[in-house]
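Next comes structure.pdb, with PDB, C-alpha atoms.
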ATOM      1  CA  MET U   1       0.000   0.000   0.000  1.00  0.00           C
ATOM      2  CA  SER U   2       1.436   3.346  -0.893  1.00  0.00           C
ATOM      3  CA  ALA U   3       2.099   6.013   1.685  1.00  0.00           C
ATOM      4  CA  ALA U   4      -0.100   8.433  -0.258  1.00  0.00           C
ATOM      5  CA  ILE U   5      -3.135   6.239   0.327  1.00  0.00           C
ATOM      6  CA  ARG U   6      -2.401   5.897   4.046  1.00  0.00           C
ATOM      7  CA  SER U   7      -1.488   9.511   4.758  1.00  0.00           C
ATOM      8  CA  GLY U   8      -4.920  11.120   4.328  1.00  0.00           C
ATOM      9  CA  GLY U   9      -3.657  14.429   5.788  1.00  0.00           C
ATOM     10  CA  ARG U  10      -3.955  13.333   9.424  1.00  0.00           C
ATOM     11  CA  ALA U  11      -1.575  14.137  12.267  1.00  0.00           C
ATOM     12  CA  ALA U  12       1.742  12.316  12.473  1.00  0.00           C
ATOM     13  CA  ALA U  13       0.726  10.224  15.499  1.00  0.00           C
ATOM     14  CA  VAL U  14      -2.400   8.909  13.806  1.00  0.00           C
ATOM     15  CA  THR U  15      -2.026   8.575  10.070  1.00  0.00           C
ATOM     16  CA  GLY U  16      -4.704   6.962   8.012  1.00  0.00           C
ATOM     17  CA  GLY U  17      -7.150   7.434   5.239  1.00  0.00           C
ATOM     18  CA  PRO U  18      -9.827   5.664   3.328  1.00  0.00           C
ATOM     19  CA  THR U  19      -8.523   2.942   1.105  1.00  0.00           C
ATOM     20  CA  THR U  20     -10.638   1.568  -1.695  1.00  0.00           C
ATOM     21  CA  THR U  21     -13.938  -0.246  -1.767  1.00  0.00           C
ATOM     22  CA  GLY U  22     -12.056  -3.498  -1.446  1.00  0.00           C
ATOM     23  CA  ARG U  23     -11.639  -4.226  -5.132  1.00  0.00           C
ATOM     24  CA  GLY U  24      -8.100  -3.088  -5.909  1.00  0.00           C
ATOM     25  CA  PRO U  25      -5.592  -5.779  -6.891  1.00  0.00           C
ATOM     26  CA  TRP U  26      -3.172  -4.709  -4.123  1.00  0.00           C
ATOM     27  CA  LEU U  27      -5.886  -5.288  -1.524  1.00  0.00           C
ATOM     28  CA  ILE U  28      -6.730  -8.728  -2.874  1.00  0.00           C
ATOM     29  CA  ALA U  29      -3.043  -9.642  -2.781  1.00  0.00           C
ATOM     30  CA  GLY U  30      -2.876  -8.413   0.827  1.00  0.00           C
ATOM     31  CA  VAL U  31      -5.821 -10.581   1.849  1.00  0.00           C
ATOM     32  CA  VAL U  32      -4.315 -13.633   0.177  1.00  0.00           C
ATOM     33  CA  GLN U  33      -0.985 -12.935   1.857  1.00  0.00           C
ATOM     34  CA  ARG U  34      -2.634 -12.588   5.280  1.00  0.00           C
ATOM     35  CA  ARG U  35      -4.566 -15.810   4.796  1.00  0.00           C
ATOM     36  CA  ARG U  36      -1.401 -17.678   3.873  1.00  0.00           C
ATOM     37  CA  ALA U  37       0.278 -16.312   6.986  1.00  0.00           C
ATOM     38  CA  GLY U  38      -2.632 -17.614   9.069  1.00  0.00           C
ATOM     39  CA  LEU U  39      -3.478 -14.190  10.497  1.00  0.00           C
ATOM     40  CA  VAL U  40      -7.080 -14.092   9.290  1.00  0.00           C
ATOM     41  CA  ASP U  41      -9.378 -17.106   9.245  1.00  0.00           C
ATOM     42  CA  ARG U  42     -12.577 -15.647   7.777  1.00  0.00           C
ATOM     43  CA  SER U  43     -12.757 -12.739   5.369  1.00  0.00           C
ATOM     44  CA  GLU U  44     -14.311  -9.441   6.365  1.00  0.00           C
ATOM     45  CA  ASP U  45     -17.010  -9.943   3.749  1.00  0.00           C
ATOM     46  CA  GLU U  46     -18.029 -13.313   5.206  1.00  0.00           C
ATOM     47  CA  ILE U  47     -18.230 -11.898   8.718  1.00  0.00           C
ATOM     48  CA  LEU U  48     -20.131  -8.766   7.672  1.00  0.00           C
ATOM     49  CA  THR U  49     -22.560 -10.764   5.529  1.00  0.00           C
ATOM     50  CA  GLY U  50     -23.250 -13.137   8.406  1.00  0.00           C
ATOM     51  CA  GLU U  51     -23.779 -10.283  10.868  1.00  0.00           C
ATOM     52  CA  ILE U  52     -26.150  -8.426   8.520  1.00  0.00           C
ATOM     53  CA  ALA U  53     -28.072 -11.641   7.817  1.00  0.00           C
ATOM     54  CA  ALA U  54     -28.408 -12.228  11.566  1.00  0.00           C
ATOM     55  CA  LEU U  55     -29.745  -8.689  12.023  1.00  0.00           C
ATOM     56  CA  GLY U  56     -32.235  -9.278   9.206  1.00  0.00           C
ATOM     57  CA  THR U  57     -33.419 -12.494  10.827  1.00  0.00           C
ATOM     58  CA  ALA U  58     -33.818 -10.722  14.184  1.00  0.00           C
ATOM     59  CA  VAL U  59     -36.273  -8.239  12.679  1.00  0.00           C
ATOM     60  CA  GLY U  60     -38.271 -10.879  10.817  1.00  0.00           C
ATOM     61  CA  ALA U  61     -36.654 -10.740   7.375  1.00  0.00           C
ATOM     62  CA  SER U  62     -35.244 -13.733   5.559  1.00  0.00           C
ATOM     63  CA  GLY U  63     -31.651 -14.187   6.674  1.00  0.00           C
ATOM     64  CA  ARG U  64     -30.759 -15.938   3.424  1.00  0.00           C
ATOM     65  CA  LEU U  65     -32.094 -13.094   1.259  1.00  0.00           C
ATOM     66  CA  THR U  66     -30.543 -10.436   3.493  1.00  0.00           C
ATOM     67  CA  GLY U  67     -27.194 -12.225   3.266  1.00  0.00           C
ATOM     68  CA  ARG U  68     -27.356 -12.302  -0.527  1.00  0.00           C
ATOM     69  CA  VAL U  69     -28.097  -8.591  -0.679  1.00  0.00           C
ATOM     70  CA  ALA U  70     -25.308  -7.858   1.827  1.00  0.00           C
ATOM     71  CA  LYS U  71     -22.776  -9.661  -0.377  1.00  0.00           C
ATOM     72  CA  ARG U  72     -23.415  -7.112  -3.130  1.00  0.00           C
ATOM     73  CA  LEU U  73     -22.968  -4.002  -0.982  1.00  0.00           C
ATOM     74  CA  LYS U  74     -19.752  -2.001  -1.202  1.00  0.00           C
ATOM     75  CA  LYS U  75     -17.398  -1.818   1.747  1.00  0.00           C
ATOM     76  CA  ASN U  76     -16.178   1.284   3.505  1.00  0.00           C
ATOM     77  CA  VAL U  77     -12.642   0.475   4.661  1.00  0.00           C
ATOM     78  CA  HIS U  78     -10.341   2.677   6.706  1.00  0.00           C
ATOM     79  CA  GLU U  79      -6.856   1.883   7.995  1.00  0.00           C
ATOM     80  CA  ILE U  80      -4.895   3.807  10.591  1.00  0.00           C
ATOM     81  CA  ASP U  81      -1.278   3.234  11.577  1.00  0.00           C
ATOM     82  CA  LEU U  82      -0.239   4.418  15.023  1.00  0.00           C
ATOM     83  CA  VAL U  83       2.443   3.874  17.630  1.00  0.00           C
ATOM     84  CA  ILE U  84       1.488   3.162  21.222  1.00  0.00           C
ATOM     85  CA  PRO U  85       4.232   4.213  23.669  1.00  0.00           C
ATOM     86  CA  LEU U  86       4.008   0.962  25.639  1.00  0.00           C
ATOM     87  CA  PRO U  87       6.043  -2.250  25.724  1.00  0.00           C
ATOM     88  CA  PHE U  88       4.707  -4.978  23.424  1.00  0.00           C
ATOM     89  CA  ASP U  89       2.843  -7.058  26.039  1.00  0.00           C
ATOM     90  CA  ASP U  90       1.205  -3.975  27.566  1.00  0.00           C
ATOM     91  CA  ALA U  91       0.277  -2.686  24.095  1.00  0.00           C
ATOM     92  CA  VAL U  92      -1.401  -6.014  23.227  1.00  0.00           C
ATOM     93  CA  LYS U  93      -3.375  -5.867  26.483  1.00  0.00           C
ATOM     94  CA  ARG U  94      -4.408  -2.241  25.845  1.00  0.00           C
ATOM     95  CA  VAL U  95      -5.540  -2.980  22.281  1.00  0.00           C
ATOM     96  CA  ALA U  96      -7.436  -6.079  23.433  1.00  0.00           C
ATOM     97  CA  ASP U  97      -9.160  -4.068  26.183  1.00  0.00           C
ATOM     98  CA  VAL U  98     -10.175  -1.193  23.884  1.00  0.00           C
ATOM     99  CA  LEU U  99     -11.395  -3.499  21.113  1.00  0.00           C
ATOM    100  CA  GLY U 100     -13.102  -5.774  23.636  1.00  0.00           C
ATOM    101  CA  ALA U 101     -15.095  -2.781  24.901  1.00  0.00           C
ATOM    102  CA  ALA U 102     -16.122  -1.972  21.315  1.00  0.00           C
ATOM    103  CA  GLY U 103     -17.628  -5.372  20.583  1.00  0.00           C
ATOM    104  CA  PRO U 104     -17.351  -9.141  20.848  1.00  0.00           C
ATOM    105  CA  ALA U 105     -14.314 -10.963  19.482  1.00  0.00           C
ATOM    106  CA  VAL U 106     -14.922 -12.740  16.197  1.00  0.00           C
ATOM    107  CA  GLU U 107     -11.891 -14.981  16.302  1.00  0.00           C
ATOM    108  CA  PRO U 108      -9.362 -15.774  18.998  1.00  0.00           C
ATOM    109  CA  ALA U 109      -6.273 -13.575  18.957  1.00  0.00           C
ATOM    110  CA  ARG U 110      -3.712 -14.942  16.526  1.00  0.00           C
ATOM    111  CA  VAL U 111      -0.006 -14.923  17.204  1.00  0.00           C
ATOM    112  CA  GLU U 112       2.682 -15.088  14.567  1.00  0.00           C
ATOM    113  CA  PRO U 113       5.087 -17.983  15.244  1.00  0.00           C
ATOM    114  CA  GLY U 114       7.912 -15.610  16.273  1.00  0.00           C
ATOM    115  CA  GLY U 115       5.687 -13.873  18.810  1.00  0.00           C
ATOM    116  CA  ASP U 116       6.335 -10.389  17.402  1.00  0.00           C
ATOM    117  CA  ARG U 117       2.805  -9.818  16.027  1.00  0.00           C
ATOM    118  CA  TRP U 118      -0.707 -10.259  17.425  1.00  0.00           C
ATOM    119  CA  THR U 119      -3.931  -9.980  15.440  1.00  0.00           C
ATOM    120  CA  ILE U 120      -7.144  -9.137  17.283  1.00  0.00           C
ATOM    121  CA  ARG U 121     -10.518  -8.986  15.515  1.00  0.00           C
ATOM    122  CA  VAL U 122     -13.897  -7.823  16.836  1.00  0.00           C
ATOM    123  CA  VAL U 123     -17.294  -6.828  15.450  1.00  0.00           C
ATOM    124  CA  ALA U 124     -18.356  -3.398  16.670  1.00  0.00           C
ATOM    125  CA  GLY U 125     -21.646  -1.621  16.123  1.00  0.00           C
ATOM    126  CA  ALA U 126     -21.793   1.718  14.310  1.00  0.00           C
ATOM    127  CA  GLY U 127     -24.332   4.004  12.751  1.00  0.00           C
ATOM    128  CA  VAL U 128     -27.791   4.726  14.086  1.00  0.00           C
ATOM    129  CA  GLY U 129     -28.354   2.591  17.180  1.00  0.00           C
ATOM    130  CA  GLY U 130     -25.171   0.621  16.536  1.00  0.00           C
ATOM    131  CA  MET U 131     -27.038  -1.520  13.994  1.00  0.00           C
ATOM    132  CA  ASN U 132     -24.354  -1.419  11.274  1.00  0.00           C
ATOM    133  CA  PRO U 133     -21.727  -4.096  11.992  1.00  0.00           C
ATOM    134  CA  VAL U 134     -18.089  -3.099  11.560  1.00  0.00           C
ATOM    135  CA  VAL U 135     -15.266  -5.641  11.491  1.00  0.00           C
ATOM    136  CA  VAL U 136     -12.252  -4.158  13.273  1.00  0.00           C
ATOM    137  CA  THR U 137      -8.885  -5.867  12.906  1.00  0.00           C
ATOM    138  CA  ALA U 138      -5.861  -4.706  14.882  1.00  0.00           C
ATOM    139  CA  LEU U 139      -2.367  -5.945  14.100  1.00  0.00           C
ATOM    140  CA  VAL U 140       0.012  -5.185  16.971  1.00  0.00           C
ATOM    141  CA  THR U 141       3.694  -5.425  16.068  1.00  0.00           C
ATOM    142  CA  ARG U 142       6.664  -5.327  18.420  1.00  0.00           C
ATOM    143  CA  GLY U 143       8.427  -2.002  17.957  1.00  0.00           C
ATOM    144  CA  GLY U 144      11.666  -0.546  19.156  1.00  0.00           C
ATOM    145  CA  GLU U 145      12.202   1.518  22.287  1.00  0.00           C
ATOM    146  CA  GLY U 146       9.541   4.021  21.205  1.00  0.00           C
ATOM    147  CA  GLY U 147       6.646   1.611  21.626  1.00  0.00           C
ATOM    148  CA  SER U 148       4.607  -0.851  19.633  1.00  0.00           C
ATOM    149  CA  ALA U 149       3.108  -0.322  16.185  1.00  0.00           C
ATOM    150  CA  VAL U 150      -0.604  -0.891  15.649  1.00  0.00           C
ATOM    151  CA  ARG U 151      -2.388  -1.119  12.312  1.00  0.00           C
ATOM    152  CA  LEU U 152      -6.102  -0.632  12.860  1.00  0.00           C
ATOM    153  CA  ARG U 153      -8.453  -1.619  10.026  1.00  0.00           C
ATOM    154  CA  ALA U 154     -12.217  -1.138  10.134  1.00  0.00           C
ATOM    155  CA  ALA U 155     -14.562  -2.345   7.395  1.00  0.00           C
ATOM    156  CA  ALA U 156     -18.329  -1.970   7.109  1.00  0.00           C
ATOM    157  CA  LYS U 157     -20.903  -2.502   4.376  1.00  0.00           C
ATOM    158  CA  GLU U 158     -22.486   0.642   2.936  1.00  0.00           C
ATOM    159  CA  GLY U 159     -26.102   0.834   1.794  1.00  0.00           C
ATOM    160  CA  LEU U 160     -27.844   3.616  -0.093  1.00  0.00           C
ATOM    161  CA  ILE U 161     -27.164   6.113   2.670  1.00  0.00           C
ATOM    162  CA  LYS U 162     -23.412   6.392   3.146  1.00  0.00           C
ATOM    163  CA  GLN U 163     -22.638   6.398   6.859  1.00  0.00           C
ATOM    164  CA  ARG U 164     -18.854   5.877   6.533  1.00  0.00           C
ATOM    165  CA  ALA U 165     -19.123   3.511   9.492  1.00  0.00           C
ATOM    166  CA  GLY U 166     -15.734   1.924   8.851  1.00  0.00           C
ATOM    167  CA  GLU U 167     -13.966   5.266   8.768  1.00  0.00           C
ATOM    168  CA  LYS U 168     -15.731   6.669  11.839  1.00  0.00           C
ATOM    169  CA  THR U 169     -15.145   3.503  13.860  1.00  0.00           C
ATOM    170  CA  ALA U 170     -11.438   3.401  12.996  1.00  0.00           C
ATOM    171  CA  VAL U 171     -10.978   7.040  13.994  1.00  0.00           C
ATOM    172  CA  ARG U 172     -12.943   6.556  17.249  1.00  0.00           C
ATOM    173  CA  LEU U 173     -10.949   3.468  18.265  1.00  0.00           C
ATOM    174  CA  ALA U 174      -7.616   5.059  17.285  1.00  0.00           C
ATOM    175  CA  ALA U 175      -8.452   8.009  19.530  1.00  0.00           C
ATOM    176  CA  SER U 176      -9.267   5.597  22.368  1.00  0.00           C
ATOM    177  CA  LEU U 177      -5.971   3.781  21.864  1.00  0.00           C
ATOM    178  CA  SER U 178      -3.956   6.997  21.724  1.00  0.00           C
ATOM    179  CA  GLY U 179      -5.580   8.569  24.769  1.00  0.00           C
TER     180      GLY U 179
END
Go through the file and emit its structure as structure tokens.
Amino acid sequence: MSAAIRSGGRAAAVTGGPTTTGRGPWLIAGVVQRRRAGLVDRSEDEILTGEIAALGTAVGASGRLTGRVAKRLKKNVHEIDLVIPLPFDDAVKRVADVLGAAGPAVEPARVEPGGDRWTIRVVAGAGVGGMNPVVVTALVTRGGEGGSAVRLRAAAKEGLIKQRAGEKTAVRLAASLSG
């Protein structure tokens, strides 16, 4: 991913910006690479589709039909890179606490074999009444003396009314992590 896409004109401590709707070839290559590394078990689309179908079923709609419609919706994706001035183990605990408060964990935290990276994934609610599910993935990487690096990625499906739920959730959680 190029630095121009990530910069988005934000402050140096929290840099990020909207990526694409999830259809660029670099993004597909990134997903394949993450899957090969074993960092992500289910794709964001599968999780979001399942969550939206479950919401549809809860209000009396057909979960199967709602899931099919959800598959066709575009994604709003936002990534933010930040540095937390904490040692690695404390940074992992802080990220897990902040994301745990945002929503339930989708998958157990994944550790890279060397132990230098942790991946934590939750589903948070956004939008009106928290009814729009957002998949938030945090990759915590061991840094130098200055702290630990965190890549925060939030993805949400967008309907006719653009809520930018992925972007707003990523910014909100990054502010919680920084503060």
**Prompt:** Written as an MDAnalysis selection string, which residues does the PyMOL selection byres ((chain U and resi 135-146) around 6) give for the file shown?
**Reply:** chainID U and resid 85 88 116:123 134 147:155
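Here atom CA of U:Leu73 and atom CA of U:Ala174 stand 25.5 Å from one another.
Note that the spacing between atom CA of U:Lys71 and atom CA of U:Ile52 amounts to 9.6 Å.
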**Complete:** Residue with the minimum atom-to-atom distance to U:Asp45, picked from U:Pro133, U:Pro104, U:Gly159, U:Gly125 with all atoms listed in the file counted, is U:Pro133
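Distance check against U:Thr49 using all atoms listed in the file: of U:Ala156, U:Ala61, U:Ala102, U:Leu177, the minimum falls on U:Ala156.
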The PyMOL selection byres ((chain U and resi 179) around 12) applied to the shown file, residues as an mmCIF file with C-alpha atoms, in the coordinates of the input:
data_model
loop_
_atom_site.group_PDB
_atom_site.id
_atom_site.type_symbol
_atom_site.label_atom_id
_atom_site.label_comp_id
_atom_site.auth_asym_id
_atom_site.auth_seq_id
_atom_site.Cartn_x
_atom_site.Cartn_y
_atom_site.Cartn_z
ATOM 1 C CA ALA U 13 0.726 10.224 15.499
ATOM 2 C CA VAL U 14 -2.400 8.909 13.806
ATOM 3 C CA LEU U 82 -0.239 4.418 15.023
ATOM 4 C CA VAL U 83 2.443 3.874 17.630
ATOM 5 C CA ILE U 84 1.488 3.162 21.222
ATOM 6 C CA PRO U 85 4.232 4.213 23.669
ATOM 7 C CA ARG U 94 -4.408 -2.241 25.845
ATOM 8 C CA VAL U 95 -5.540 -2.980 22.281
ATOM 9 C CA VAL U 98 -10.175 -1.193 23.884
ATOM 10 C CA ARG U 172 -12.943 6.556 17.249
ATOM 11 C CA LEU U 173 -10.949 3.468 18.265
ATOM 12 C CA ALA U 174 -7.616 5.059 17.285
ATOM 13 C CA ALA U 175 -8.452 8.009 19.530
ATOM 14 C CA SER U 176 -9.267 5.597 22.368
ATOM 15 C CA LEU U 177 -5.971 3.781 21.864
ATOM 16 C CA SER U 178 -3.956 6.997 21.724
#
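Across the structure, atom CA of U:Asp97 and atom CA of U:Ala170 are spaced 15.3 Å apart.
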Centre, edges in Å (one decimal): axis-aligned box, stretch 103-108 of chain U, 6 Å padding on all six sides, as JSON:
{"center_x": -13.5, "center_y": -10.6, "center_z": 18.5, "size_x": 20.3, "size_y": 22.4, "size_z": 16.7}
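The shortest atom-to-atom distance to U:Arg164, with only C-alpha atoms taken into account, belongs to U:Val77 out of U:Val128, U:Leu99, U:Val77, U:Ala105.
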**Request:** Check which residues satisfy the PyMOL selection byres ((chain U and resi 65) around 12) in the file shown, then give them as a PyMOL selection string.
**Result:** chain U and resi 49-50+52-57+60-64+66-72
Write the residues of the preceding selection, restricted to C-alpha atoms, as a tab-separated table (two decimals), in the coordinates of the input.
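Writing the result to selection35.tsv gives the following:
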chain	number	residue	atom	x	y	z
U	49	THR	CA	-22.56	-10.76	5.53
U	50	GLY	CA	-23.25	-13.14	8.41
U	52	ILE	CA	-26.15	-8.43	8.52
U	53	ALA	CA	-28.07	-11.64	7.82
U	54	ALA	CA	-28.41	-12.23	11.57
U	55	LEU	CA	-29.74	-8.69	12.02
U	56	GLY	CA	-32.24	-9.28	9.21
U	57	THR	CA	-33.42	-12.49	10.83
U	60	GLY	CA	-38.27	-10.88	10.82
U	61	ALA	CA	-36.65	-10.74	7.38
U	62	SER	CA	-35.24	-13.73	5.56
U	63	GLY	CA	-31.65	-14.19	6.67
U	64	ARG	CA	-30.76	-15.94	3.42
U	66	THR	CA	-30.54	-10.44	3.49
U	67	GLY	CA	-27.19	-12.22	3.27
U	68	ARG	CA	-27.36	-12.30	-0.53
U	69	VAL	CA	-28.10	-8.59	-0.68
U	70	ALA	CA	-25.31	-7.86	1.83
U	71	LYS	CA	-22.78	-9.66	-0.38
U	72	ARG	CA	-23.42	-7.11	-3.13
